[in-house]
Each structure stands twice: as C-alpha cells, then as structure tokens.
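Reading through the structure tokens given below for one structure.
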Amino acid sequence: MKSALKLTAAALGAALCAGAWGAQLYSDDEFTFDMYGRAGALLLSRSGSQPDRIYANGYGDDSLVSTFRLGLASRSKITDGLDAVMLAEWDMPDGTVQTDTRYLYAGIDAYQYGTLLFGRGDSAYYAVAGATDIYNYLDSRANDYYIMGDTLPGQIMYRLAALSYDLRLSYQTSSAHINGSPFSIRNAGAISLATQIFENVNIAYGISYSDLTYDSADRSQDMQDYFKPILAQDYNLSRDEAAAFIQNHKPGHKYDYGFAVSYGYLGAGPYAAFVFTGTDYEYLRHQLYTYETALSYSFNNNGITVSGGVELQHYDDFFTAADLKLGLAYSFGPSFKVFAESQMDLGAQPEKFFGESLPYGYGEDKYVIGAEFTF
C-alpha cells in the first residue's frame with residue numbers, strides 16, 4: 001500500500017515537500033526539509049511475505065518481523081513558479097543488512113505546468129492499477145502490473161493536473177533484474193489520464209509498454225527460465241520441446257492496458273473501486289485479464305477501518321489467481337494503529353499457467369497481523 005492518501009510519485013513530491021505530514025526539520029521562504037517514517041511489527045503466516053519483500057520467510061512457519069521506514073523530502077525555490085523537489089524513502093527490516101528503496105527521485109515542480117521527476121517511483125500506469133491498492137500490507141497478486149515489483153527504477157515521470165484532469169507520463173530506461181525479479185527491460189513507457197465524471201466518482205485509463213531484453217547471458221537465462229514452463233503449458237510442449245521452442249520465441253514485448261473506476265477517497269468514509277486490466281505477452285496465445293474490486297469504510301468517529309475485495313486473473317478458460325481479501329484496522333490516534341489482513345484462495349488453478357513450480361505464495365492462504373507507529 002502506498003499511503004492512506006493514495007499518492008503517486010509526483011504527488012508525493014508536491015505534498016511531502018509542502019509539509020503535509022511528518023516533521024519539518026527546516027523551513028524558510030525558499031527552502032523546506034521534512035522527515036517522516038514509521039516503525040512496525042508484523043506477524044506473518046508461512047506464505048504471508050510478498051515475493052518482492054526482502055524479509056521473506058524461508059522456514060515454512062509463522063514469523064514476527066519488525067520494520068522501519070524513513071523518508072526525507074525537500075523543496076527549494078528556483079524562481080517564481082519553479083521549485084526543485086526531492087524524495088527518498090527506504091524500508092529497513094530487522095535481521096537483514098539489505099535496505100529496500102521505495103522512492104528515490106529529484107526533479108522540478110512547475111506548478112500549473114506540471115511536475116517532472118527523475119529516478120525511482122511509480123509508473124504512470126499506477127493511476128489505474130493502484131485504485132485497489134487499499135491494504136496496509138497485502139499487495140495484489142492478480143494484477144500483472146506488479147510482476148516486476150512495486151515502484152520502478154530509472155524512470156522519467158511527468159504529471160500535469162489541471163481542469164479536473166490528471167495526465168501522467170513515464171518512461172523507464174534500461175534496467176536489469178528489476179526489483180530482484182527475472183525481468184530485464186531495454187525500455188518501457190506508460191501513459192494515463194484520470195478525471196472526475198460525477199461527484200466523488202473518478203475514472204482513469206492507462207496503457208503501459210515494456211521492451212524485454214535478452215542481450216546478456218544472465219538476463220536471457222532468467223527470463224527464459226520464467227517463460228519456459230508457461231510456454232510449455234500454453235503450447236502443450238514437453239520440457240525438451242519447450243527448451244527448443246523458446247530459443248526462437250522469447251517474449252520480447254509486454255503490454256498492459258485498462259481502466260479504473262473509484263468512488264470516494266480512501267481513509268475518509270466510504271471508498272470503492274473496480275479495476276479491469278489486460279496484459280499481452282509476445283508469443284503467449286491468450287491475454288491475461290484482471291478483475292479487481294475493493295471496498296473500504298473508515299469510521300472517523302471511532303478509528304475503525306474495514307476493507308475487503310476480490311481479485312481475479314483469467315487466462316484462456318481458467319483463473320490463474322482468485323483471491324478474497326479482508327482487512328480490519330483500528331487507530332488509537334493519529335500515530336498508532338493495529339491491523340489484521342488475510343488473503344484466501346478461491347480455487348484458482350495457477351499450475352495450469354505456471355507449470356509445477358509456482359511463484360511464491362500462489363495457491364496458499366495468508367494472513368498478517370501488524371502494529372504500526374507513524375511519525
């Protein structure tokens with residue numbers, strides 16, 4: 001989950017550098033410097049950790065993990081109507097020396113002319129895929145947008161919000177093994193457009209394109225190992241036939257497209273969202289279709305938030321993912337909350353798509369119980 005405000009990279013730069021929350025360490029007429037963060041503890045089920053988390057549980061039992069997030073943001077005036085902005089945000093789990101960089105970018109905010117950022121952040125397509133990203137911990141397994149992880153490195157991101165429209169553009173430069181995934185790309189791009197169609201009702205459209213690259217031995221082998229069982233299932237090939245087939249049929253292009261409709265604002269009373277997306281890989285005979293619903297209600301008078309939804313990923317004539325998610329959170333005040341979330345498999349058949357070696361957590365139920373202090 002990004003935040004209770006559903007902020008994208010461009011919005012984060014504008015909001016945080018204006019001191020929206022956290023501690024303002026320094027401020028004058030031309031410069032601000034803010035810090036924010038959170039500390040938490042998570043009780044995870046055996047398959048509760050996400051595949052792109054660096055504290056995945058490898059011992060096949062429940063585990064308690066403590067985490068710390070730190071964010072730094074700054075805004076500096078260049079001239080009237082033009083500011084320089086930066087944002088850096090890290091997750092630092094206990095028990096590992098590795099740090100997970102969530103956001104790391106710098107750029108300029110030209111106000112009515114838009115915001116231009118460079119570095120790690122959200123793709124423009126997140127305006128669509130993120131509409132159902134409502135949970136404190138659980139990520140989407142159904143939407144193929146997240147196959148390379150969450151925020152993406154090496155991006156140029158532009159956002160222009162004016163006259164009730166929100167236009168976002170992003171271009172991703174070459175990157176290998178994105179967020180530790182098998183995927184390496186030569187370049188990628190995305191565009192989205194969102195607007196309010198009725199009071200409290202918003203709609204967003206988007207499309208994303210990725211050019212997968214096999215120009216080095218390790219990149220080629222990792223992606224071939226990922227696609228080989230999928231192509232074997234898709235074309236009814238033996239293992240040896242699939243190994244020969246993929247030499248001339250390496251999926252080189254990935255397209256994502258879709259729309260999202262939402263009602264209300266997350267964290268302020270009722271919120272509901274529906275997302276439809278399609279994903280097309282070169283040489284796969286069918287497309288992946290995702291249908292996601294999300295419902296949330298925040299009771300502002302007592303600090304309780306309830307949430308839930310269904311996520312489906314469809315391929316050919318079967319579901320590769322079918323999950324029911326439920327969540328409950330209680331805020332003791334503006335800084336401390338506890339929450340519980342679960343994800344239950346509804347009888348999907350991921351083995352018909354991925355083969356015998358399923359990605360982490362597929363076909364298994366999971367839960368998480370957490371406590372979180374935010375500053």
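Residues in the structure tokens are numbered from 1 in each chain, the chains being A, B, ... in the order shown, and ligands are numbered from 1 in the order shown.
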
Counting only C-alpha atoms, give me one row per residue of range 108-152 of chain A with an atom at most 7 Å from an atom of range 69-82 of chain A, showing the shortest contact pair and its distance in Å to one decimal, sorted by chain then residue number, as JSON lines.
{"residue": "A:Ile108", "atom": "CA", "partner": "A:Leu82", "partner_atom": "CA", "distance": 6.9}
{"residue": "A:Asp109", "atom": "CA", "partner": "A:Leu82", "partner_atom": "CA", "distance": 5.8}
{"residue": "A:Ala110", "atom": "CA", "partner": "A:Leu82", "partner_atom": "CA", "distance": 4.6}
{"residue": "A:Tyr111", "atom": "CA", "partner": "A:Gly81", "partner_atom": "CA", "distance": 6.3}

Dump N, CA and C atoms for the selected residues as a PDB file, in the first residue's frame?
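Full text of part21.pdb as output:
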ATOM      1  N   ILE A 108      11.731  18.823 -10.799  1.00  0.00           N
ATOM      2  CA  ILE A 108      11.238  20.195 -10.696  1.00  0.00           C
ATOM      3  C   ILE A 108       9.715  20.193 -10.679  1.00  0.00           C
ATOM      4  N   ASP A 109       9.169  21.146  -9.936  1.00  0.00           N
ATOM      5  CA  ASP A 109       7.732  21.362  -9.868  1.00  0.00           C
ATOM      6  C   ASP A 109       7.464  22.740 -10.464  1.00  0.00           C
ATOM      7  N   ALA A 110       6.819  22.744 -11.637  1.00  0.00           N
ATOM      8  CA  ALA A 110       6.497  23.993 -12.313  1.00  0.00           C
ATOM      9  C   ALA A 110       5.048  24.401 -12.081  1.00  0.00           C
ATOM     10  N   TYR A 111       4.440  23.857 -11.027  1.00  0.00           N
ATOM     11  CA  TYR A 111       3.084  24.194 -10.624  1.00  0.00           C
ATOM     12  C   TYR A 111       2.096  23.964 -11.768  1.00  0.00           C
TER      13      TYR A 111
END

What is the CA of Leu358 in chain A-CA of Glu311 in chain A distance in Å, reported with one decimal? 18.1 Å

Range 332-347 of chain A environment, 8 Å, only C-alpha atoms, sequence neighbours closer than 5 positions dropped, as a PyMOL selection string: chain A and resi 135-138+303+321-327+363-375

Save the residues we just selected, C-alpha atoms, as a PDB file, in the first residue's frame?
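Result went into again14.pdb, see below:
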ATOM      1  CA  TYR A 135      -4.405  -2.598   2.249  1.00  0.00           C
ATOM      2  CA  ASN A 136      -1.777  -1.869   4.876  1.00  0.00           C
ATOM      3  CA  TYR A 137       0.402  -4.798   3.838  1.00  0.00           C
ATOM      4  CA  LEU A 138      -1.101  -7.177   1.283  1.00  0.00           C
ATOM      5  CA  GLY A 303     -10.828   4.975  14.329  1.00  0.00           C
ATOM      6  CA  ALA A 321      -5.362 -16.214  -9.395  1.00  0.00           C
ATOM      7  CA  ALA A 322      -8.599 -15.879  -7.430  1.00  0.00           C
ATOM      8  CA  ASP A 323      -8.348 -14.260  -4.015  1.00  0.00           C
ATOM      9  CA  LEU A 324     -10.655 -12.901  -1.345  1.00  0.00           C
ATOM     10  CA  LYS A 325      -9.063 -10.243   0.846  1.00  0.00           C
ATOM     11  CA  LEU A 326     -10.335  -8.942   4.188  1.00  0.00           C
ATOM     12  CA  GLY A 327      -8.861  -6.313   6.471  1.00  0.00           C
ATOM     13  CA  GLY A 363      -2.401 -21.289  -4.200  1.00  0.00           C
ATOM     14  CA  GLU A 364      -1.886 -20.624  -0.476  1.00  0.00           C
ATOM     15  CA  ASP A 365      -3.860 -18.646   2.065  1.00  0.00           C
ATOM     16  CA  LYS A 366      -2.010 -15.990   4.029  1.00  0.00           C
ATOM     17  CA  TYR A 367      -2.510 -13.563   6.874  1.00  0.00           C
ATOM     18  CA  VAL A 368      -0.707 -10.740   8.610  1.00  0.00           C
ATOM     19  CA  ILE A 369      -1.235  -9.046  11.984  1.00  0.00           C
ATOM     20  CA  GLY A 370       0.565  -5.755  12.472  1.00  0.00           C
ATOM     21  CA  ALA A 371       1.136  -2.774  14.732  1.00  0.00           C
ATOM     22  CA  GLU A 372       2.449   0.480  13.336  1.00  0.00           C
ATOM     23  CA  PHE A 373       3.664   3.799  14.752  1.00  0.00           C
ATOM     24  CA  THR A 374       3.838   6.663  12.259  1.00  0.00           C
ATOM     25  CA  PHE A 375       5.668   9.937  12.653  1.00  0.00           C
TER      26      PHE A 375
END

Can you list every residue in range 308-338 of chain A that DSSP puts in strand (DSSP E or B), as a PyMOL selection string? chain A and resi 308-315+318-331+336-338

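By only C-alpha atoms, and with residues fewer than 3 positions from Leu117 in chain A along its chain excluded, the set lying at most 10 Å from it is Ala9, Ala10, Gly13, Ala84, Val85, Met86, Leu87, Leu104, Tyr105, Ala106, Gly107, Ile108, Asp109, Arg120, Gly121, Gln155, Ile156, Met157, Tyr158, Arg159 and Ser170 of chain A.
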
Residues just named, written with C-alpha atoms as a compact mmCIF listing (two decimals), in the first residue's frame:
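The resulting result.txt:
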# COMPACT_ATOMS: atom_id res chain seq x y z
CA ALA A 9 5.46 9.78 -7.06
CA ALA A 10 4.63 13.19 -8.45
CA GLY A 13 6.99 15.28 -4.18
CA ALA A 84 13.33 21.87 -7.17
CA VAL A 85 11.99 18.82 -5.27
CA MET A 86 13.39 15.55 -4.00
CA LEU A 87 12.14 12.49 -2.14
CA LEU A 104 14.36 7.97 -4.74
CA TYR A 105 13.99 10.85 -7.16
CA ALA A 106 14.68 14.51 -7.81
CA GLY A 107 13.09 16.94 -10.21
CA ILE A 108 11.24 20.20 -10.70
CA ASP A 109 7.73 21.36 -9.87
CA ARG A 120 12.66 5.55 -8.76
CA GLY A 121 8.91 5.99 -8.46
CA GLN A 155 12.26 6.50 -14.63
CA ILE A 156 11.38 9.89 -16.08
CA MET A 157 7.97 10.82 -14.63
CA TYR A 158 5.72 13.73 -15.59
CA ARG A 159 2.39 14.74 -14.14
CA SER A 170 6.50 7.86 -17.55

Give me the residues of range 87-150 of chain A that have any atom at most 9 Å from an atom of range 185-208 of chain A; for each, the nearest atom pair and the distance in Å, rounded to one decimal. Use only C-alpha atoms, sort by chain and number, and format it as JSON lines.
{"residue": "A:Ser123", "atom": "CA", "partner": "A:Ala190", "partner_atom": "CA", "distance": 6.6}
{"residue": "A:Ala124", "atom": "CA", "partner": "A:Ala190", "partner_atom": "CA", "distance": 5.4}
{"residue": "A:Tyr125", "atom": "CA", "partner": "A:Gly206", "partner_atom": "CA", "distance": 5.6}
{"residue": "A:Tyr126", "atom": "CA", "partner": "A:Ser192", "partner_atom": "CA", "distance": 8.4}
{"residue": "A:Ala127", "atom": "CA", "partner": "A:Ala204", "partner_atom": "CA", "distance": 6.6}
{"residue": "A:Val128", "atom": "CA", "partner": "A:Ala204", "partner_atom": "CA", "distance": 5.8}
{"residue": "A:Ala129", "atom": "CA", "partner": "A:Gly206", "partner_atom": "CA", "distance": 8.9}
{"residue": "A:Ala131", "atom": "CA", "partner": "A:Ala204", "partner_atom": "CA", "distance": 9.0}
{"residue": "A:Tyr145", "atom": "CA", "partner": "A:Ser208", "partner_atom": "CA", "distance": 8.8}

So which residues touch Glu292 in chain A within 6 Å, counting only C-alpha atoms, skipping near sequence neighbours fewer than 2 positions away, as number ranges by chain? A: 274-275, 310-311

Can you pull out the residues contacting His177 in chain A? Cut-off 12 Å, using only C-alpha atoms, and skip same-chain residues under 4 positions away; I want them as an mmCIF file with N, CA and C atoms, in the first residue's frame.
data_model
loop_
_atom_site.group_PDB
_atom_site.id
_atom_site.type_symbol
_atom_site.label_atom_id
_atom_site.label_comp_id
_atom_site.auth_asym_id
_atom_site.auth_seq_id
_atom_site.Cartn_x
_atom_site.Cartn_y
_atom_site.Cartn_z
ATOM 1 N N ASP A 52 8.415 -9.836 -3.416
ATOM 2 C CA ASP A 52 9.419 -8.799 -3.600
ATOM 3 C C ASP A 52 9.848 -8.166 -2.289
ATOM 4 N N ILE A 147 4.232 -7.574 -11.562
ATOM 5 C CA ILE A 147 5.105 -8.716 -11.793
ATOM 6 C C ILE A 147 6.578 -8.334 -11.626
ATOM 7 N N MET A 148 6.911 -7.075 -11.833
ATOM 8 C CA MET A 148 8.278 -6.597 -11.643
ATOM 9 C C MET A 148 8.465 -5.884 -10.308
ATOM 10 N N GLY A 149 7.494 -6.008 -9.419
ATOM 11 C CA GLY A 149 7.578 -5.312 -8.147
ATOM 12 C C GLY A 149 6.689 -4.087 -8.132
ATOM 13 N N LEU A 152 9.343 1.491 -9.566
ATOM 14 C CA LEU A 152 10.273 1.061 -10.602
ATOM 15 C C LEU A 152 11.456 2.034 -10.709
ATOM 16 N N PRO A 153 12.657 1.509 -11.003
ATOM 17 C CA PRO A 153 13.853 2.351 -11.049
ATOM 18 C C PRO A 153 14.041 3.013 -12.407
ATOM 19 N N SER A 181 13.442 -9.313 -9.667
ATOM 20 C CA SER A 181 12.632 -10.211 -10.485
ATOM 21 C C SER A 181 13.463 -10.764 -11.638
ATOM 22 N N PRO A 182 12.954 -11.761 -12.377
ATOM 23 C CA PRO A 182 13.685 -12.259 -13.554
ATOM 24 C C PRO A 182 13.683 -11.283 -14.720
ATOM 25 N N PHE A 183 12.894 -10.205 -14.620
ATOM 26 C CA PHE A 183 12.651 -9.344 -15.769
ATOM 27 C C PHE A 183 13.726 -8.272 -15.920
ATOM 28 N N SER A 184 14.222 -8.147 -17.156
ATOM 29 C CA SER A 184 15.134 -7.074 -17.536
ATOM 30 C C SER A 184 14.545 -6.393 -18.766
ATOM 31 N N ILE A 185 14.612 -5.075 -18.796
ATOM 32 C CA ILE A 185 13.998 -4.353 -19.908
ATOM 33 C C ILE A 185 15.013 -3.448 -20.591
ATOM 34 N N ARG A 186 14.764 -3.247 -21.883
ATOM 35 C CA ARG A 186 15.551 -2.279 -22.654
ATOM 36 C C ARG A 186 14.986 -0.887 -22.420
ATOM 37 N N LEU A 212 11.257 -6.127 -23.334
ATOM 38 C CA LEU A 212 12.113 -7.032 -22.581
ATOM 39 C C LEU A 212 13.393 -7.306 -23.365
ATOM 40 N N THR A 213 14.522 -7.396 -22.649
ATOM 41 C CA THR A 213 15.793 -7.571 -23.326
ATOM 42 C C THR A 213 16.472 -8.870 -22.907
ATOM 43 N N TYR A 214 17.079 -9.535 -23.877
ATOM 44 C CA TYR A 214 17.820 -10.782 -23.657
ATOM 45 C C TYR A 214 19.269 -10.607 -24.127
ATOM 46 N N SER A 216 22.098 -10.194 -22.623
ATOM 47 C CA SER A 216 23.228 -10.747 -21.880
ATOM 48 C C SER A 216 22.834 -12.117 -21.361
ATOM 49 N N ASP A 218 22.951 -13.695 -18.403
ATOM 50 C CA ASP A 218 22.174 -13.864 -17.178
ATOM 51 C C ASP A 218 20.750 -13.369 -17.356
ATOM 52 N N ARG A 219 20.577 -12.236 -18.047
ATOM 53 C CA ARG A 219 19.221 -11.741 -18.300
ATOM 54 C C ARG A 219 18.432 -12.745 -19.132
ATOM 55 N N SER A 220 19.073 -13.252 -20.193
ATOM 56 C CA SER A 220 18.399 -14.180 -21.082
ATOM 57 C C SER A 220 17.973 -15.440 -20.340
ATOM 58 N N GLN A 221 18.870 -16.000 -19.531
ATOM 59 C CA GLN A 221 18.578 -17.249 -18.851
ATOM 60 C C GLN A 221 17.470 -17.086 -17.817
ATOM 61 N N ASP A 222 17.512 -16.006 -17.056
ATOM 62 C CA ASP A 222 16.500 -15.797 -16.021
ATOM 63 C C ASP A 222 15.105 -15.677 -16.631
ATOM 64 N N MET A 223 14.967 -14.905 -17.692
ATOM 65 C CA MET A 223 13.642 -14.747 -18.295
ATOM 66 C C MET A 223 13.226 -16.005 -19.054
#

Using the chain letters and numbers from this document, which residues of range 229-328 of chain A does DSSP assign to helix (DSSP H, G or I), as a ChimeraX atom specification? /A:229-235,239-245

Of the listed residues A:Ser63, A:Ser296, A:Asn301, A:Gln313, that which approaches Leu266 in chain A most closely, counting only C-alpha atoms: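 Going through A:Ser63, A:Ser296, A:Asn301, A:Gln313 one by one, the smallest distance to Leu266 in chain A is for A:Ser296.
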
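Within the 7 Å cut-off around Asp100 in chain A, using only C-alpha atoms and omitting residues fewer than 4 positions from it on the same chain, the listed residues are A:Trp90, A:Asp91, A:Met92.
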
Would you mind exporting the chosen residues as a CSV table (one decimal), in the first residue's frame, restricted to C-alpha atoms?
chain,number,residue,atom,x,y,z
A,90,TRP,CA,13.5,3.4,2.4
A,91,ASP,CA,12.2,0.3,4.2
A,92,MET,CA,14.7,-1.2,6.7

Top pick for closest residue to Gln233 in chain A, considering A:Thr99, A:Gly37, A:Leu42, A:Tyr315 and counting only C-alpha atoms: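 Checking each of A:Thr99, A:Gly37, A:Leu42, A:Tyr315 against Gln233 in chain A, counting only C-alpha atoms, the winner is A:Tyr315.
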
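The nearest approach to Gly114 in chain A among the residues A:Gly180, A:His286, A:Leu295, A:Leu167, with only C-alpha atoms taken into account, belongs to A:Leu167.
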